[in-house]
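Beneath this line is the structure, given in structure tokens, with notes to follow.
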Amino acid sequence: MIGLHTAEQVRTAERALMATLPPGTLMQRAATGLATVCLGLAGRAHGLRVVLLVGAGDNGGDALFAGAQLAGRGAQVTAVLLAPERAHASGLTAFRRAGGRVADDPARSGLDRADLVLDGIVGIGGSGGLRPAAADLAGQAAAGPGLLVAVDLPSGVAADTGEVPGEVFPAQHTVTFGAVKPGLVVGEGRRHAGQVHLVDIGLGPHLGDPAARQLTDADAAARIEPPSPDSDKYSGGVVGVVAGSATYPGAGVLCTGAALRTRPGLVRYAGTAADGVRASWPEAIVTSGRPGDAGRVQAWVVGPGMGTDDDARSVLAEVLATDLPVVVDADGLTMVADAPELVRDRTAPTVLTPHDREFARLFTWAGGSTGIGGDRMAAARRGAAELGCTVLLKGDATVIADAHGTTYVNGTGTPWLATAGTGDVLSGVLGAVLAQTPVTGLPAVEAAAAAAHLHGRAGQLAAADGPLIAGDLVRHLAEAVGRLYRGGAPA
Ligand SMILES: NC(=O)C1=CN([C@@H]2O[C@H](COP(=O)(O)OP(=O)(O)OC[C@H]3O[C@@H](n4cnc5c(N)ncnc54)[C@H](OP(=O)(O)O)[C@@H]3O)[C@@H](O)[C@H]2O)[C@@H](O)CC1
Ligand SMILES: [K+]
């Protein structure tokens, strides 16, 4: 499990740890970790042209000490000081001693021919968009040839939320210290962080519970129960699917297939796409009747492609009136927006899986010109608390939160997933994981996080061959599950 810790949590841990260590120890650890990652990325030090962008805080201090280490190993290192009179004093001394050069004019920084640029403008002490001088340097760095490495976090990204209120340093790699900050993996920040490298500086015992979490492959595998020798077709959990329509059976076919391929126990389908589903999936038990005619299930998926007419509304109400876990997606969400009490009054778990527009329909405060806003974790938590459910807010990094504030940020997937029908697949996967919860005892928020992780991995596998369509996802699910169990995730 990857814990995501806020700036305040990191600072609190730092204070506790520093009380036991000589001054400067943590910065030395951070700088050594930073220099080590840089050497690994560059593959050499001798002759390497490095430019440091140095702000007035400790983030700049990290950059200067790391720059000193690189200079000591033969790199040609130039520091551009944004506030020369306030640059980290001992960092600057060490840097100069090691042979580092300070640019007397930012216009002659060497960014146009650097091999490597370290962004030490601002770290967890920053606020707001980058100021003009810093923004200008970030722009020059981005236009130049150097590998862009952010120190602790890309300057311009809000550490706790991933909001990017203005200009930003567009890192290809981020070397972060002590703990991964949420802003590196969620919201817009994720797009500017590149590959994240965590340097352990010893904060661990002092960090406390993370503000949010991200599953690893092993974590996801542990949350999807494999069959045991005494399993039968019911013990994997029976999934009920209400999706698609006679005119548009696709959502029913994709959703049912995804549920089958995630954990093939038994899937029951009830709805007007029955013919299409039966033709595609002889393994499913299919009825064109109502959910109550389908037989016993352990979890329902309701909504994708089912329409929003009176029949659909009454079917949705029937499913939500059960005491079973329910996933509500797509058209189901549109109908819940008109009748939120159907979810609010439930005692069994409900997982809503909106994208941004659906979210804004569900929660009026997220509508209007501001939309959901930049803090997607806060939005998902607030929505979940309001309806007493779990919200899986789809996006570049999907966020999953429950009414208690427990929050996960998904770390898998590919931009190729932004195509029709992939949401239907996700709801089927989620239904399958949720149907196991009577056995696994897993909270719905964890089931949803595991489903999102698996869905993203299937997407990565499917996209390895080029553009994917939703059916490819279903075809790759079995392999994705197998790889999770074997520990062989796709790149
Ligand atoms: N905590 C730990 O465990 C450890 C922390 N460590 C390191 O310390 C870092 C935190 O250092 P920190 O507290 O000194 O703040 P920091 O991020 O350098 O920012 C302050 C500077 O930014 C400036 N500035 C602000 N906003 C700005 C903007 N929008 N645009 C431009 N500039 C802006 C602000 O300017 P000022 O307002 O003073 O004019 C000031 O100069 C942390 O990220 C990590 O790298 C490690 O060494 C080891 C252990
Ligand atoms: K930075």
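Residues are referred to by chain and number: the chain letter is A, B, ... according to the order shown in the structure tokens, the number counts from 1 in that chain, and ligands are numbered separately from 1 in the order shown.
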Item to complete: Name the residues, by chain letter and number, that sit within 7 Å of ligand 1 using only C-alpha atoms and all ligand atoms, and give them as an MDAnalysis selection string.
Response: chainID A and resid 10:11 13:14 26:27 30 55:62 121:131 134 151:153 156 177:178
Discussion item. Applying 12 Å and only C-alpha atoms, which residues near region 465-468 of chain A remain after dropping the ones on its own chain fewer than 4 positions away? List them as a PyMOL selection string.
Written reply: chain A and resi 413-422+458-461+472-476
Write out the residues from the selection above, keeping N, CA and C atoms, as a short mmCIF file (atom, residue, chain, number, x, y, z; two decimals), in the first residue's frame.
data_model
loop_
_atom_site.label_atom_id
_atom_site.label_comp_id
_atom_site.auth_asym_id
_atom_site.auth_seq_id
_atom_site.Cartn_x
_atom_site.Cartn_y
_atom_site.Cartn_z
N GLY A 413 -3.90 2.39 -15.38
CA GLY A 413 -4.73 2.87 -16.49
C GLY A 413 -3.90 3.46 -17.60
N THR A 414 -4.60 3.96 -18.60
CA THR A 414 -3.98 4.54 -19.78
C THR A 414 -4.98 5.53 -20.38
N PRO A 415 -4.48 6.58 -21.01
CA PRO A 415 -5.42 7.53 -21.64
C PRO A 415 -6.31 6.85 -22.70
N TRP A 416 -5.89 5.70 -23.22
CA TRP A 416 -6.70 4.99 -24.21
C TRP A 416 -8.03 4.52 -23.61
N LEU A 417 -8.13 4.52 -22.30
CA LEU A 417 -9.40 4.09 -21.68
C LEU A 417 -10.54 5.08 -21.91
N ALA A 418 -10.19 6.28 -22.39
CA ALA A 418 -11.25 7.28 -22.63
C ALA A 418 -11.97 6.94 -23.93
N THR A 419 -12.72 5.86 -23.92
CA THR A 419 -13.46 5.46 -25.10
C THR A 419 -14.78 4.81 -24.68
N ALA A 420 -15.73 4.78 -25.60
CA ALA A 420 -17.09 4.34 -25.25
C ALA A 420 -17.11 2.93 -24.69
N GLY A 421 -17.86 2.75 -23.63
CA GLY A 421 -18.10 1.41 -23.09
C GLY A 421 -17.14 0.97 -22.00
N THR A 422 -16.04 1.70 -21.81
CA THR A 422 -15.09 1.26 -20.78
C THR A 422 -15.70 1.40 -19.38
N ALA A 458 -6.08 -3.97 -17.00
CA ALA A 458 -6.61 -4.56 -18.23
C ALA A 458 -6.47 -3.57 -19.38
N GLY A 459 -6.71 -2.30 -19.08
CA GLY A 459 -6.55 -1.26 -20.10
C GLY A 459 -5.12 -1.17 -20.59
N GLN A 460 -4.17 -1.25 -19.67
CA GLN A 460 -2.76 -1.18 -20.08
C GLN A 460 -2.40 -2.38 -20.97
N LEU A 461 -2.89 -3.55 -20.59
CA LEU A 461 -2.62 -4.73 -21.41
C LEU A 461 -3.24 -4.59 -22.79
N ASP A 472 -12.05 -5.09 -26.00
CA ASP A 472 -10.66 -5.55 -25.74
C ASP A 472 -10.39 -5.63 -24.25
N LEU A 473 -10.98 -4.70 -23.52
CA LEU A 473 -10.79 -4.69 -22.07
C LEU A 473 -11.32 -5.99 -21.47
N VAL A 474 -12.54 -6.35 -21.89
CA VAL A 474 -13.14 -7.58 -21.38
C VAL A 474 -12.23 -8.76 -21.72
N ARG A 475 -11.72 -8.77 -22.94
CA ARG A 475 -10.86 -9.89 -23.35
C ARG A 475 -9.55 -9.93 -22.56
N HIS A 476 -9.08 -8.80 -22.08
CA HIS A 476 -7.82 -8.78 -21.34
C HIS A 476 -7.99 -8.91 -19.82
#
What lies within 10 Å of Leu17 (chain A) using only C-alpha atoms, ignoring chain neighbours under 5 positions off, as a compact mmCIF listing (two decimals) with N, CA and C atoms, in the first residue's frame?
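Dumped to part_36.txt:
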# COMPACT_ATOMS: atom_id res chain seq x y z
N ARG A 11 5.46 17.57 7.60
CA ARG A 11 6.16 18.52 8.48
C ARG A 11 6.10 18.06 9.95
N THR A 12 4.96 17.52 10.34
CA THR A 12 4.83 17.03 11.73
C THR A 12 5.81 15.88 11.98
N THR A 25 20.38 16.82 9.10
CA THR A 25 20.47 15.41 8.70
C THR A 25 19.47 15.06 7.59
N LEU A 26 18.23 15.53 7.76
CA LEU A 26 17.20 15.13 6.79
C LEU A 26 17.47 15.74 5.43
N ILE A 201 13.59 9.02 3.94
CA ILE A 201 14.49 9.80 4.81
C ILE A 201 14.24 9.47 6.28
N GLY A 202 13.51 8.41 6.52
CA GLY A 202 13.33 7.93 7.89
C GLY A 202 12.10 8.44 8.60
N LEU A 203 11.18 9.10 7.85
CA LEU A 203 9.98 9.67 8.50
C LEU A 203 8.99 8.60 8.93
N GLY A 204 9.08 7.42 8.31
CA GLY A 204 8.09 6.36 8.44
C GLY A 204 7.40 6.24 9.80
N PRO A 205 8.14 5.99 10.88
CA PRO A 205 7.48 5.76 12.17
C PRO A 205 6.71 6.97 12.67
N HIS A 206 6.95 8.14 12.11
CA HIS A 206 6.31 9.37 12.62
C HIS A 206 5.16 9.85 11.74
N LEU A 207 4.91 9.14 10.65
CA LEU A 207 3.96 9.69 9.66
C LEU A 207 2.49 9.53 10.03
Worksheet, complete the sentence: note - CA of Ser228 (chain A) and CA of Trp300 (chain A) are separated by 23.6 Å
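Contact shell of region 236-241 of chain A at 7 Å (only C-alpha atoms; same-chain neighbours under 3 positions omitted): Pro227, Lys233, Thr256, Arg263, Gly265, Leu266, Val267, Arg268, Tyr269, Ala270, Val297, Gln298, Ala299, Trp300, Val301, Val302, Gly431, Ala432, Ala435 and Gln436 of chain A.
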Restricting it to C-alpha atoms, dump the selection as a compact mmCIF listing (two decimals), in the first residue's frame.
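Here's the written file again_28.txt:
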# COMPACT_ATOMS: atom_id res chain seq x y z
CA PRO A 227 -11.30 -19.81 -5.93
CA LYS A 233 -20.12 -21.48 -8.63
CA THR A 256 -21.99 -8.92 -18.01
CA ARG A 263 -14.15 -13.81 -11.18
CA GLY A 265 -18.64 -17.71 -10.58
CA LEU A 266 -22.10 -16.85 -11.71
CA VAL A 267 -23.60 -13.78 -13.35
CA ARG A 268 -27.33 -13.22 -13.63
CA TYR A 269 -28.67 -10.71 -16.09
CA ALA A 270 -32.13 -9.11 -15.91
CA VAL A 297 -27.38 -12.51 -6.12
CA GLN A 298 -24.82 -11.04 -3.72
CA ALA A 299 -24.46 -7.67 -5.47
CA TRP A 300 -26.17 -5.69 -8.21
CA VAL A 301 -24.87 -3.49 -10.99
CA VAL A 302 -27.53 -1.17 -12.29
CA GLY A 431 -19.97 -5.75 -9.33
CA ALA A 432 -17.87 -8.91 -9.33
CA ALA A 435 -20.30 -9.64 -4.80
CA GLN A 436 -17.42 -11.25 -2.90
Worksheet item: Between A:Ala159, A:Ala463, A:Val336, A:Met306, which has the minimum distance to ligand 2 (counting only C-alpha atoms and all ligand atoms)?
Response: A:Ala159
Fill in: Selection near Leu53 (chain A), 8 Å with only C-alpha atoms, sequence-local residues under 5 positions removed, as a PyMOL selection string
chain A and resi 60+63+79-82+117-121+137
Practice prompt. Go through region 229-475 of chain A and collect every residue that DSSP, computed from the backbone, puts in helix (DSSP H, G or I); the answer should be as a ChimeraX atom specification.
Written response: /A:250-262,274-280,291-293,310-320,331-338,341-344,356-362,364-366,376-387,415-417,422-435,437-440,444-463,470-475
Worksheet entry | Shortest interatomic distance to ligand 2 - which of A:Thr20, A:Ser155, A:Ser288, A:Thr322, counting only C-alpha atoms and all ligand atoms | A:Ser155
Report as a tab-separated table (two decimals) with N, CA and C atoms, in the first residue's frame all protein, DNA and RNA residues lying within 9 Å of His404 (chain A), evaluated on only C-alpha atoms, omitting residues in the same chain fewer than 4 positions from it.
chain	number	residue	atom	x	y	z
A	381	ARG	N	-15.09	12.88	-1.40
A	381	ARG	CA	-15.42	12.68	0.03
A	381	ARG	C	-16.73	13.38	0.38
A	384	ALA	N	-19.69	11.54	-1.11
A	384	ALA	CA	-19.92	10.27	-0.42
A	384	ALA	C	-20.59	10.51	0.94
A	385	ALA	N	-20.13	11.55	1.64
A	385	ALA	CA	-20.70	11.85	2.96
A	385	ALA	C	-22.16	12.29	2.81
A	388	GLY	N	-24.12	9.14	1.98
A	388	GLY	CA	-23.83	7.96	2.79
A	388	GLY	C	-23.46	6.76	1.94
Discussion item. So the first atom is CA of Ala444 (chain A) and the second is CA of Thr287 (chain A); what is the distance between them in Å, to one decimal place?
Written reply: 27.2 Å
Worksheet item: Of the residues A:Leu92, A:Leu260, A:Val164, A:Ala337, which is the one nearest to Ile285 (chain A), using only C-alpha atoms?
Response: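 Ranking A:Leu92, A:Leu260, A:Val164, A:Ala337 by distance to Ile285 (chain A), first place goes to A:Leu260.
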Practice prompt. With a distance cut-off of 12 Å and only C-alpha atoms, select the neighbouring residues of Leu48 (chain A), excluding the residue or stretch itself and same-chain residues fewer than 6 positions from it, and output the selection as a PyMOL selection string.
Written response: chain A and resi 38-39+41-42+67+70-78+113-117+146-147
Save out the residues we just selected, N, CA and C atoms, as a compact mmCIF listing (two decimals), in the first residue's frame.
# COMPACT_ATOMS: atom_id res chain seq x y z
N CYS A 38 19.26 11.04 -9.75
CA CYS A 38 19.71 11.77 -10.94
C CYS A 38 20.83 11.02 -11.66
N LEU A 39 21.76 10.48 -10.89
CA LEU A 39 22.87 9.73 -11.52
C LEU A 39 22.31 8.51 -12.24
N LEU A 41 19.36 8.21 -13.55
CA LEU A 41 18.62 8.63 -14.74
C LEU A 41 19.59 9.07 -15.85
N ALA A 42 20.63 9.80 -15.45
CA ALA A 42 21.56 10.32 -16.46
C ALA A 42 22.56 9.27 -16.91
N GLY A 67 23.22 19.25 -6.03
CA GLY A 67 24.09 19.80 -7.08
C GLY A 67 25.55 19.72 -6.66
N LEU A 70 26.74 16.23 -7.26
CA LEU A 70 26.95 15.96 -8.69
C LEU A 70 28.21 16.66 -9.18
N ALA A 71 28.43 17.91 -8.71
CA ALA A 71 29.64 18.64 -9.10
C ALA A 71 30.88 17.90 -8.60
N GLY A 72 30.76 17.38 -7.39
CA GLY A 72 31.89 16.63 -6.81
C GLY A 72 32.22 15.39 -7.62
N ARG A 73 31.31 14.93 -8.42
CA ARG A 73 31.57 13.74 -9.24
C ARG A 73 31.82 14.10 -10.69
N GLY A 74 32.09 15.38 -10.93
CA GLY A 74 32.54 15.76 -12.28
C GLY A 74 31.49 16.39 -13.16
N ALA A 75 30.28 16.62 -12.64
CA ALA A 75 29.26 17.28 -13.46
C ALA A 75 29.53 18.79 -13.51
N GLN A 76 29.11 19.46 -14.59
CA GLN A 76 29.19 20.92 -14.67
C GLN A 76 27.85 21.47 -14.22
N VAL A 77 27.84 22.01 -13.01
CA VAL A 77 26.55 22.38 -12.44
C VAL A 77 26.43 23.90 -12.29
N THR A 78 25.34 24.44 -12.81
CA THR A 78 25.06 25.87 -12.70
C THR A 78 23.79 26.06 -11.89
N ARG A 113 21.00 24.29 -23.17
CA ARG A 113 21.86 23.15 -23.55
C ARG A 113 22.13 22.22 -22.36
N ALA A 114 21.20 22.25 -21.39
CA ALA A 114 21.39 21.39 -20.21
C ALA A 114 21.05 19.94 -20.54
N ASP A 115 21.73 19.02 -19.86
CA ASP A 115 21.34 17.60 -19.92
C ASP A 115 20.27 17.30 -18.88
N LEU A 116 20.36 18.04 -17.77
CA LEU A 116 19.50 17.73 -16.62
C LEU A 116 19.13 19.04 -15.92
N VAL A 117 17.86 19.20 -15.59
CA VAL A 117 17.42 20.40 -14.85
C VAL A 117 16.76 19.95 -13.55
N GLY A 146 16.99 19.54 -21.65
CA GLY A 146 17.36 18.79 -20.44
C GLY A 146 16.24 17.91 -19.90
N LEU A 147 16.65 16.83 -19.24
CA LEU A 147 15.69 15.98 -18.52
C LEU A 147 15.17 16.78 -17.32
